[in-house]
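S.K.: The following block contains the structure, expressed as C-alpha cells.
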Amino acid sequence: MTFEQLQLIPAILKAMAKENYTQPTPIQTQAIPPVLAGRDLFGCAQTGTGKTAAFLLPILQRLSAKQERPSGKRVIRSLILTPTRELAIQIADNCKAYGRFLNLRSTVIVGGVSQKAQEQELAQGMDILIATPGRLIDLMNQGYADLRHVQILVLDEADRMLDMGFIHDMKRIIAKLPAKRQTLFFSATMPNEIKSLVDSLLTDPVKIEITPVSSTAERIQQSLYFVDKPNKLSLLIDLMQDKSISSALVFTRTKRGADRVVRGLTKAHISAQAIHGDKSQTARQTALNNFKNGTTRLLVATDIAARGIDIDELSHVINFNLPNIPETYVHRIGRTGRAGLSGIAISFCEQEEIPYLKDIEKLIKRKIPVIKDHPYPLGQTEEPAPAAVGAAKPGSAPVGAAKAGSAPAGTGAARGSRGGSGRESAGSGGANGGSNGHRHRRRRPQAGK
Ligand code: AMP
C-alpha cells in the first residue's frame with residue numbers, strides 16, 4: 001500500500017515525501033480511507049503506531065477541500081483533545097509538518113504558558129486546534145474559544161485523559177460541540193469506562209485495533225536485572241559504562257525518584273535530566289530538546305510525563321522501577337524500536353516488584369530473559385525472608401529461587417498469592433485469597449499524577 005493509493009492529495013503526498021515516510025503504517029492504511037469518507041472512528045492503538053498521521057492526514061485533506069472558515073470570525077473547524085502538553089505540542093508539530101503545503105491555520109492551546117497569545121490566535125479563527133482540556137475550558141469560559149462550528153473532534157489517548165481525571169472537562173467541552181460532527185476516538189486500552197464513552201460519543205464507528213500488546217513486545221530485545229532497591233542506582237551507573245547506550249529513556253515510579261536518579265547520575269558524571277509534572281513547561285521542553293540533540297544521554301521520566309513524547313531513534317528504554325500496571329510496561333518499551341528499528345528494553349526488578357513482573361509476563365505471554373551476571377544481585381542488602389510460598393506479605397516476599405539469575409522461576413511467592421489474571425484480580429476485593437497486599441499496591445496511583 002502506498003500513500004498515493006490512499007487517495008491523498010498531492011500537497012499531502014509531497015509532505016510525506018519530505019518527512020521520508022515511504023509507506024503508510026497499518027493504522028494509517030486502515031484509518032485514512034474511512035476518515036476521508038467522513039466516518040467516525042474508534043482506534044485502539046498506542047503511540048508508536050503512526051496514529052497521529054492516521055488522523056491528521058485525512059483531517060488536513062477534508063479541511064482543505066472546503067476552505068469555508070469565514071475570515072475574521074472566531075470559528076474553530078476541528079478540535080484535537082490530548083491529555084498532556086507534550087503530546088499536544090508534538091501533534092501540533094506534526095500538523096505543521098504534514099500541512100506545510102496547505103493553507104490551514106493550526107495552533108496549540110495548553111496550560112503553563114501565557115494565555116494572551118492564545119487569545120489572539122483564536123480571535124482569527126482556527127482550522128485545527130490542538131488542546132489539553134484545562135486551558136481550553138478556561139478560554140471557553142472567558143468567551144475566547146467558540147466551539148459551535150467544530151466539524152471534526154479527535155480524542156487522543158482517551159484512556160489517559162480518564163486516568164488523569166479529565167472526564168468532566170472532556171464532557172463539558174464536548175457538550176459545546178455541534179451534535180452533527182465527525183468524531184475520532186483513540187485509546188491504547190479498552191476499560192469499560194472507555195467502551196461506554198465510545199458508545200455515547202460515536203455514531204456507527206469504524207473500529208480499528210492495532211498491534212496487540214504481545215506483538216509490540218516481540219520486536220524489542222528485553223532483559224531483566226534482579227537487584228536490591230538501594231543498588232539500583234549503582235547498577236544503572238555500571239550499565240552506562242556501555243557506550244552503545246547512546247540515549248536512553250529511564251522510567252521511575254515517582255517524580256522524587258526521577259530527581260534522585262538524576263542527582264546520582266550527575267554525581268557519576270553521566271549527563272541526565274528529569275522530566276515530570278513538577279517541572280515547568282520550559283524546563284520540560286529544555287530537557288526534551290537537550291535529549292533530542294544528544295546533549296543529555298539519559299532522560300529520566302515518570303509515565304505521565306513521558307507518554308506521547310515523540311523521540312526518534314531512542315536506542316534504549318530502562319525501567320528503573322517496574323510499573324504496577326502491566327500495560328504500562330508495554331507502552332514504555334514501545335518507545336524504543338519504532339518504525340522497524342530494533343529496540344532494547346532493560347528492566348530492574350527489586351523484591352517488592354516481583355508481583356508486577358508476574359503480571360507483565362502474563363500480559364506479554366513470555367518470560368523476560370534475566371541477566372545473571374552483574375555486580376548487584378538480589379539479596380545483597382537485605383536478609384532474605386524465609387521461603388514460604390503463598391504466605392508472602394508485601395515487602396517480605398521470599399527471595400527463594402529469585403536470587404540472581406533464576407528469577408522468573410523464583411517468583412512463586414508472588415504467584416502463590418494471586419489468583420487468576422493479575423488484571424482482573426486487581427481491585428476485585430478478596431476473591432483470590434492470599435496476600436491482598438499486592439492488590440492494594442496495584443491500586444496505588446502511578447507516578448507523575
Ligand atoms: P505516532 O504513533 O503518531 O506517535 O508516530 C510514531 C512515529 O512514527 C513518529 O515518530 C512518526 O513521525 C513516525 N511515523 C508516522 N507515520 C510514519 C510512516 N508512514 N512512516 C514512517 N514513520 C512514520
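Chains: A, B, ... in order of the C-alpha cells. Residues: from 1 per chain. Ligands: from 1, in order shown.
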Mind running chain A against ligand 1 at 6 Å and telling me each contacting residue's nearest atom pair with the distance in Å (one decimal), counting only C-alpha atoms and all ligand atoms, chain and number ascending, as CSV?

M.R.:
residue,atom,partner,partner_atom_place_in_ligand_line,distance
A:Tyr21,CA,ligand 1,20 (N),3.9
A:Thr22,CA,ligand 1,20 (N),5.9
A:Gln23,CA,ligand 1,19 (N),5.0
A:Pro24,CA,ligand 1,19 (N),3.8
A:Thr25,CA,ligand 1,19 (N),4.8
A:Thr47,CA,ligand 1,2 (O),3.9
A:Gly48,CA,ligand 1,2 (O),3.4
A:Thr49,CA,ligand 1,2 (O),3.9
A:Gly50,CA,ligand 1,2 (O),3.4
A:Lys51,CA,ligand 1,3 (O),4.2
A:Thr52,CA,ligand 1,3 (O),3.6
A:Ala53,CA,ligand 1,16 (N),5.8
A:Asp310,CA,ligand 1,10 (O),5.7
A:Asp312,CA,ligand 1,10 (O),5.5
A:Ala339,CA,ligand 1,22 (N),5.6

S.K.: Would you save the residues from that selection as a PDB file, in the first residue's frame, using N, CA, C and O atoms?

M.R.:
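Below you can see out.pdb, which holds the result:
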ATOM      1  N   TYR A  21       8.551   9.505   4.860  1.00  0.00           N
ATOM      2  CA  TYR A  21       7.652   8.382   5.103  1.00  0.00           C
ATOM      3  C   TYR A  21       7.429   7.718   3.744  1.00  0.00           C
ATOM      4  O   TYR A  21       6.821   8.302   2.857  1.00  0.00           O
ATOM      5  N   THR A  22       7.932   6.519   3.580  1.00  0.00           N
ATOM      6  CA  THR A  22       7.820   5.893   2.264  1.00  0.00           C
ATOM      7  C   THR A  22       6.501   5.159   2.084  1.00  0.00           C
ATOM      8  O   THR A  22       5.945   5.123   1.009  1.00  0.00           O
ATOM      9  N   GLN A  23       6.007   4.565   3.193  1.00  0.00           N
ATOM     10  CA  GLN A  23       4.707   3.907   3.063  1.00  0.00           C
ATOM     11  C   GLN A  23       3.903   4.027   4.341  1.00  0.00           C
ATOM     12  O   GLN A  23       4.472   4.201   5.427  1.00  0.00           O
ATOM     13  N   PRO A  24       2.582   3.983   4.199  1.00  0.00           N
ATOM     14  CA  PRO A  24       1.751   4.150   5.397  1.00  0.00           C
ATOM     15  C   PRO A  24       1.903   2.984   6.372  1.00  0.00           C
ATOM     16  O   PRO A  24       2.152   1.854   5.949  1.00  0.00           O
ATOM     17  N   THR A  25       1.756   3.266   7.658  1.00  0.00           N
ATOM     18  CA  THR A  25       1.759   2.205   8.672  1.00  0.00           C
ATOM     19  C   THR A  25       0.369   1.545   8.647  1.00  0.00           C
ATOM     20  O   THR A  25      -0.576   2.110   8.085  1.00  0.00           O
ATOM     21  N   THR A  47       0.816   4.936  21.078  1.00  0.00           N
ATOM     22  CA  THR A  47       1.839   5.766  20.466  1.00  0.00           C
ATOM     23  C   THR A  47       2.913   4.879  19.844  1.00  0.00           C
ATOM     24  O   THR A  47       3.226   3.836  20.390  1.00  0.00           O
ATOM     25  N   GLY A  48       3.415   5.293  18.700  1.00  0.00           N
ATOM     26  CA  GLY A  48       4.437   4.497  18.040  1.00  0.00           C
ATOM     27  C   GLY A  48       3.900   3.739  16.841  1.00  0.00           C
ATOM     28  O   GLY A  48       4.646   3.165  16.067  1.00  0.00           O
ATOM     29  N   THR A  49       2.577   3.767  16.674  1.00  0.00           N
ATOM     30  CA  THR A  49       1.963   3.048  15.554  1.00  0.00           C
ATOM     31  C   THR A  49       1.775   3.955  14.340  1.00  0.00           C
ATOM     32  O   THR A  49       1.383   3.489  13.280  1.00  0.00           O
ATOM     33  N   GLY A  50       2.005   5.244  14.520  1.00  0.00           N
ATOM     34  CA  GLY A  50       1.755   6.208  13.455  1.00  0.00           C
ATOM     35  C   GLY A  50       0.328   6.740  13.504  1.00  0.00           C
ATOM     36  O   GLY A  50      -0.215   7.222  12.517  1.00  0.00           O
ATOM     37  N   LYS A  51      -0.272   6.701  14.696  1.00  0.00           N
ATOM     38  CA  LYS A  51      -1.689   7.085  14.786  1.00  0.00           C
ATOM     39  C   LYS A  51      -1.897   8.585  14.580  1.00  0.00           C
ATOM     40  O   LYS A  51      -2.948   8.997  14.112  1.00  0.00           O
ATOM     41  N   THR A  52      -0.895   9.385  14.912  1.00  0.00           N
ATOM     42  CA  THR A  52      -1.078  10.835  14.753  1.00  0.00           C
ATOM     43  C   THR A  52      -1.320  11.179  13.291  1.00  0.00           C
ATOM     44  O   THR A  52      -2.271  11.892  12.961  1.00  0.00           O
ATOM     45  N   ALA A  53      -0.486  10.635  12.412  1.00  0.00           N
ATOM     46  CA  ALA A  53      -0.703  10.907  10.985  1.00  0.00           C
ATOM     47  C   ALA A  53      -1.991  10.245  10.506  1.00  0.00           C
ATOM     48  O   ALA A  53      -2.657  10.751   9.605  1.00  0.00           O
ATOM     49  N   ASP A 310       7.436  12.317  21.475  1.00  0.00           N
ATOM     50  CA  ASP A 310       7.917  11.656  20.271  1.00  0.00           C
ATOM     51  C   ASP A 310       9.429  11.825  20.196  1.00  0.00           C
ATOM     52  O   ASP A 310       9.933  12.918  19.999  1.00  0.00           O
ATOM     53  N   ASP A 312      12.573  10.234  18.193  1.00  0.00           N
ATOM     54  CA  ASP A 312      13.045   9.298  17.182  1.00  0.00           C
ATOM     55  C   ASP A 312      14.352   8.673  17.653  1.00  0.00           C
ATOM     56  O   ASP A 312      15.099   9.256  18.416  1.00  0.00           O
ATOM     57  N   ALA A 339       9.256   2.248  14.117  1.00  0.00           N
ATOM     58  CA  ALA A 339       9.428   2.313  12.663  1.00  0.00           C
ATOM     59  C   ALA A 339      10.448   1.284  12.180  1.00  0.00           C
ATOM     60  O   ALA A 339      11.345   1.569  11.395  1.00  0.00           O
TER      61      ALA A 339
END

S.K.: Tell me, counting only C-alpha atoms, for each residue of range 111-193 of chain A within 12 Å of range 197-208 of chain A, which pair of atoms is nearest and how far apart they are in Å to one decimal, in rows ordered by chain and increasing number, as a Markdown table.

M.R.:
| residue | atom | partner | partner_atom | distance |
| --- | --- | --- | --- | --- |
| A:Ile152 | CA | A:Leu202 | CA | 11.7 |
| A:Leu153 | CA | A:Leu201 | CA | 10.2 |
| A:Val154 | CA | A:Leu201 | CA | 11.0 |
| A:Leu155 | CA | A:Leu201 | CA | 10.3 |
| A:Ala158 | CA | A:Leu197 | CA | 9.3 |
| A:Asp159 | CA | A:Leu197 | CA | 10.2 |
| A:Met161 | CA | A:Leu197 | CA | 11.9 |
| A:Leu162 | CA | A:Leu197 | CA | 10.3 |
| A:Ile167 | CA | A:Leu197 | CA | 9.8 |
| A:Met170 | CA | A:Leu197 | CA | 10.7 |
| A:Lys171 | CA | A:Leu197 | CA | 9.9 |
| A:Ile174 | CA | A:Leu201 | CA | 8.9 |
| A:Ala175 | CA | A:Leu201 | CA | 10.6 |
| A:Leu177 | CA | A:Leu201 | CA | 11.4 |
| A:Pro178 | CA | A:Leu201 | CA | 11.8 |
| A:Ala179 | CA | A:Leu201 | CA | 9.3 |
| A:Lys180 | CA | A:Thr203 | CA | 9.9 |
| A:Arg181 | CA | A:Leu202 | CA | 9.6 |
| A:Gln182 | CA | A:Leu202 | CA | 8.2 |
| A:Thr183 | CA | A:Leu202 | CA | 6.3 |
| A:Leu184 | CA | A:Leu202 | CA | 7.9 |
| A:Phe185 | CA | A:Val198 | CA | 7.4 |
| A:Phe186 | CA | A:Ile208 | CA | 9.5 |
| A:Ser187 | CA | A:Val198 | CA | 10.0 |
| A:Ala188 | CA | A:Ile208 | CA | 11.3 |
| A:Met190 | CA | A:Val198 | CA | 9.9 |
| A:Pro191 | CA | A:Leu197 | CA | 10.1 |
| A:Asn192 | CA | A:Leu197 | CA | 8.6 |
| A:Glu193 | CA | A:Leu197 | CA | 6.3 |

S.K.: Keeping only C-alpha atoms, write the selected residues to a file as an mmCIF file, in the first residue's frame.

M.R.:
data_model
loop_
_atom_site.group_PDB
_atom_site.id
_atom_site.type_symbol
_atom_site.label_atom_id
_atom_site.label_comp_id
_atom_site.auth_asym_id
_atom_site.auth_seq_id
_atom_site.Cartn_x
_atom_site.Cartn_y
_atom_site.Cartn_z
ATOM 1 C CA ILE A 152 -14.244 17.148 13.491
ATOM 2 C CA LEU A 153 -13.331 16.141 17.042
ATOM 3 C CA VAL A 154 -10.365 13.933 17.927
ATOM 4 C CA LEU A 155 -9.958 12.478 21.404
ATOM 5 C CA ALA A 158 -8.727 8.945 25.805
ATOM 6 C CA ASP A 159 -7.827 6.335 28.436
ATOM 7 C CA MET A 161 -7.448 11.536 29.831
ATOM 8 C CA LEU A 162 -9.724 9.466 32.061
ATOM 9 C CA ILE A 167 -13.589 13.177 32.258
ATOM 10 C CA MET A 170 -13.996 16.438 28.400
ATOM 11 C CA LYS A 171 -17.740 16.214 28.827
ATOM 12 C CA ILE A 174 -17.994 18.013 24.097
ATOM 13 C CA ALA A 175 -21.305 19.489 25.269
ATOM 14 C CA LEU A 177 -19.765 20.975 20.126
ATOM 15 C CA PRO A 178 -22.421 20.507 17.456
ATOM 16 C CA ALA A 179 -24.070 17.088 17.624
ATOM 17 C CA LYS A 180 -23.523 16.698 13.892
ATOM 18 C CA ARG A 181 -19.798 16.215 13.605
ATOM 19 C CA GLN A 182 -17.185 13.579 12.860
ATOM 20 C CA THR A 183 -15.564 12.051 15.946
ATOM 21 C CA LEU A 184 -12.292 10.137 16.032
ATOM 22 C CA PHE A 185 -11.516 8.387 19.276
ATOM 23 C CA PHE A 186 -8.169 6.820 20.179
ATOM 24 C CA SER A 187 -7.313 4.818 23.238
ATOM 25 C CA ALA A 188 -4.487 2.399 23.973
ATOM 26 C CA MET A 190 -10.237 -0.613 26.477
ATOM 27 C CA PRO A 191 -11.577 -0.475 30.038
ATOM 28 C CA ASN A 192 -15.375 -0.445 30.447
ATOM 29 C CA GLU A 193 -15.422 3.281 31.030
#

S.K.: Based on DSSP run over this structure's backbone, return all residues of range 86-180 of chain A in helix (DSSP H, G or I), as a PyMOL selection string.

M.R.: chain A and resi 86-98+116-123+133-141+158-163+167-175

S.K.: So which one's closest to Ala268 in chain A, A:Ser234, A:Asn321, A:Gln67, A:Gln61? Using only C-alpha atoms, please.

M.R.: A:Ser234

S.K.: Taking into account only C-alpha atoms, which residue in the set A:Gly264, A:Asp169, A:Leu235, A:Phe348 is nearest to Thr252 in chain A?

M.R.: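 The answer is A:Phe348, which sits nearest to Thr252 in chain A.
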
S.K.: Gln222 in chain A: which residues within 10 Å, counting only C-alpha atoms, same-chain residues fewer than 4 positions away excluded, as a PDB file with N, CA and C atoms, in the first residue's frame?

M.R.:
ATOM      1  N   ALA A 217       5.824  -6.277  22.159  1.00  0.00           N
ATOM      2  CA  ALA A 217       6.905  -6.789  22.992  1.00  0.00           C
ATOM      3  C   ALA A 217       7.841  -7.702  22.200  1.00  0.00           C
ATOM      4  N   GLU A 218       7.320  -8.297  21.136  1.00  0.00           N
ATOM      5  CA  GLU A 218       8.129  -9.258  20.392  1.00  0.00           C
ATOM      6  C   GLU A 218       9.316  -8.628  19.664  1.00  0.00           C
ATOM      7  N   HIS A 316      17.441   2.862  23.803  1.00  0.00           N
ATOM      8  CA  HIS A 316      17.149   2.054  24.984  1.00  0.00           C
ATOM      9  C   HIS A 316      16.035   2.660  25.839  1.00  0.00           C
ATOM     10  N   VAL A 317      15.254   1.776  26.426  1.00  0.00           N
ATOM     11  CA  VAL A 317      14.347   2.174  27.493  1.00  0.00           C
ATOM     12  C   VAL A 317      14.793   1.405  28.732  1.00  0.00           C
ATOM     13  N   ILE A 318      14.909   2.128  29.843  1.00  0.00           N
ATOM     14  CA  ILE A 318      15.320   1.453  31.082  1.00  0.00           C
ATOM     15  C   ILE A 318      14.231   1.631  32.138  1.00  0.00           C
ATOM     16  N   ILE A 333       8.175   0.204  26.792  1.00  0.00           N
ATOM     17  CA  ILE A 333       9.192  -0.393  25.927  1.00  0.00           C
ATOM     18  C   ILE A 333       8.881  -0.096  24.463  1.00  0.00           C
ATOM     19  N   GLY A 343      14.889  -2.290  19.129  1.00  0.00           N
ATOM     20  CA  GLY A 343      14.948  -1.534  20.366  1.00  0.00           C
ATOM     21  C   GLY A 343      15.378  -2.427  21.505  1.00  0.00           C
ATOM     22  N   ILE A 344      15.909  -1.808  22.539  1.00  0.00           N
ATOM     23  CA  ILE A 344      16.369  -2.581  23.687  1.00  0.00           C
ATOM     24  C   ILE A 344      15.706  -2.034  24.944  1.00  0.00           C
ATOM     25  N   ALA A 345      15.127  -2.925  25.717  1.00  0.00           N
ATOM     26  CA  ALA A 345      14.486  -2.525  26.968  1.00  0.00           C
ATOM     27  C   ALA A 345      15.126  -3.284  28.121  1.00  0.00           C
ATOM     28  N   ILE A 346      15.614  -2.523  29.111  1.00  0.00           N
ATOM     29  CA  ILE A 346      16.271  -3.117  30.282  1.00  0.00           C
ATOM     30  C   ILE A 346      15.403  -2.813  31.496  1.00  0.00           C
ATOM     31  N   SER A 347      15.144  -3.819  32.305  1.00  0.00           N
ATOM     32  CA  SER A 347      14.312  -3.585  33.485  1.00  0.00           C
ATOM     33  C   SER A 347      15.023  -4.012  34.746  1.00  0.00           C
ATOM     34  N   LYS A 367       8.533 -14.897  29.189  1.00  0.00           N
ATOM     35  CA  LYS A 367       9.430 -14.568  30.297  1.00  0.00           C
ATOM     36  C   LYS A 367      10.454 -13.567  29.775  1.00  0.00           C
ATOM     37  N   ILE A 368      10.750 -12.584  30.565  1.00  0.00           N
ATOM     38  CA  ILE A 368      11.794 -11.638  30.158  1.00  0.00           C
ATOM     39  C   ILE A 368      13.151 -12.265  30.531  1.00  0.00           C
ATOM     40  N   PRO A 369      14.061 -12.386  29.562  1.00  0.00           N
ATOM     41  CA  PRO A 369      15.343 -13.017  29.877  1.00  0.00           C
ATOM     42  C   PRO A 369      16.089 -12.284  31.006  1.00  0.00           C
ATOM     43  N   VAL A 370      16.636 -13.063  31.919  1.00  0.00           N
ATOM     44  CA  VAL A 370      17.286 -12.492  33.098  1.00  0.00           C
ATOM     45  C   VAL A 370      18.797 -12.437  32.880  1.00  0.00           C
TER      46      VAL A 370
END

S.K.: By how many Å are CA of Leu236 in chain A and CA of Pro323 in chain A apart?

M.R.: 17.4 Å

S.K.: Applying 12 Å and only C-alpha atoms, which residues near Lys267 in chain A remain after dropping the ones on its own chain fewer than 6 positions away? List them as JSON, numbers by chain.

M.R.: {"A": [233, 234, 237, 260, 261]}

S.K.: Taking 4 positions as the minimum chain separation for residues in the same chain, which residues sit within 7 Å of Ala54 in chain A when counting only C-alpha atoms? Answer as an NGL selection string.

M.R.: :A and (27-28 or 31-32 or 50)

S.K.: Restrict the selected residues to N, CA and C atoms and save them as an mmCIF file, in the first residue's frame.

M.R.:
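Output file again.cif is given in full below:
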data_model
loop_
_atom_site.group_PDB
_atom_site.id
_atom_site.type_symbol
_atom_site.label_atom_id
_atom_site.label_comp_id
_atom_site.auth_asym_id
_atom_site.auth_seq_id
_atom_site.Cartn_x
_atom_site.Cartn_y
_atom_site.Cartn_z
ATOM 1 N N ILE A 27 -2.033 1.317 10.777
ATOM 2 C CA ILE A 27 -3.170 2.117 11.266
ATOM 3 C C ILE A 27 -3.523 3.199 10.242
ATOM 4 N N GLN A 28 -2.517 3.707 9.544
ATOM 5 C CA GLN A 28 -2.787 4.730 8.521
ATOM 6 C C GLN A 28 -3.547 4.110 7.348
ATOM 7 N N ALA A 31 -7.122 3.542 8.708
ATOM 8 C CA ALA A 31 -7.930 4.668 9.199
ATOM 9 C C ALA A 31 -8.163 5.742 8.140
ATOM 10 N N ILE A 32 -7.208 5.966 7.277
ATOM 11 C CA ILE A 32 -7.315 7.125 6.383
ATOM 12 C C ILE A 32 -8.547 7.044 5.452
ATOM 13 N N GLY A 50 2.005 5.244 14.520
ATOM 14 C CA GLY A 50 1.755 6.208 13.455
ATOM 15 C C GLY A 50 0.328 6.740 13.504
#

S.K.: Between CA of Ala301 in chain A and CA of Ile275 in chain A, what is the distance, to one decimal in Å?

M.R.: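 So the two atoms, CA of Ala301 in chain A and CA of Ile275 in chain A, lie 5.0 Å apart.
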
S.K.: Show me, as a list of chain:residue names, the residues that have an atom within 12 Å of Asn141 in chain A when counting only C-alpha atoms, minus same-chain residues fewer than 6 positions from it.

M.R.: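 In the requested form, the answer reads A:Gly134, A:Arg135, A:Leu147, A:Asp169, A:Arg172, A:Ile173, A:Lys176.
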
S.K.: Taking 5 positions as the minimum chain separation for residues in the same chain, which residues sit within 10 Å of Thr282 in chain A when counting only C-alpha atoms? Answer as a list in words.

M.R.: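 Once the adjacent positions are removed, what remains is Gly112, Val113, Ala287 and Leu288 of chain A.
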
S.K.: Can you write just those residues out, C-alpha atoms, as a PDB file, in the first residue's frame?

M.R.:
ATOM      1  CA  GLY A 112       1.620  26.558  31.808  1.00  0.00           C
ATOM      2  CA  VAL A 113       2.218  29.319  29.282  1.00  0.00           C
ATOM      3  CA  ALA A 287      15.185  18.734  28.944  1.00  0.00           C
ATOM      4  CA  LEU A 288      13.489  17.177  25.946  1.00  0.00           C
TER       5      LEU A 288
END

S.K.: What is the CA of Gly43 in chain A to CA of Glu209 in chain A distance in Å?

M.R.: 5.9 Å

S.K.: Just list the residues in range 41-225 of chain A DSSP gives strand (DSSP E or B) on the backbone, as a ChimeraX atom specification.

M.R.: /A:41-44,75-81,106-109,126-131,146,152-155,182-187,206-209,220-225

S.K.: Counting only C-alpha atoms, figure out which residue out of A:Ala88, A:Leu56, A:Ile210, A:Val110 gets nearest to Met16 in chain A.

M.R.: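 Of A:Ala88, A:Leu56, A:Ile210, A:Val110, the one nearest Met16 in chain A is A:Leu56, counting only C-alpha atoms.
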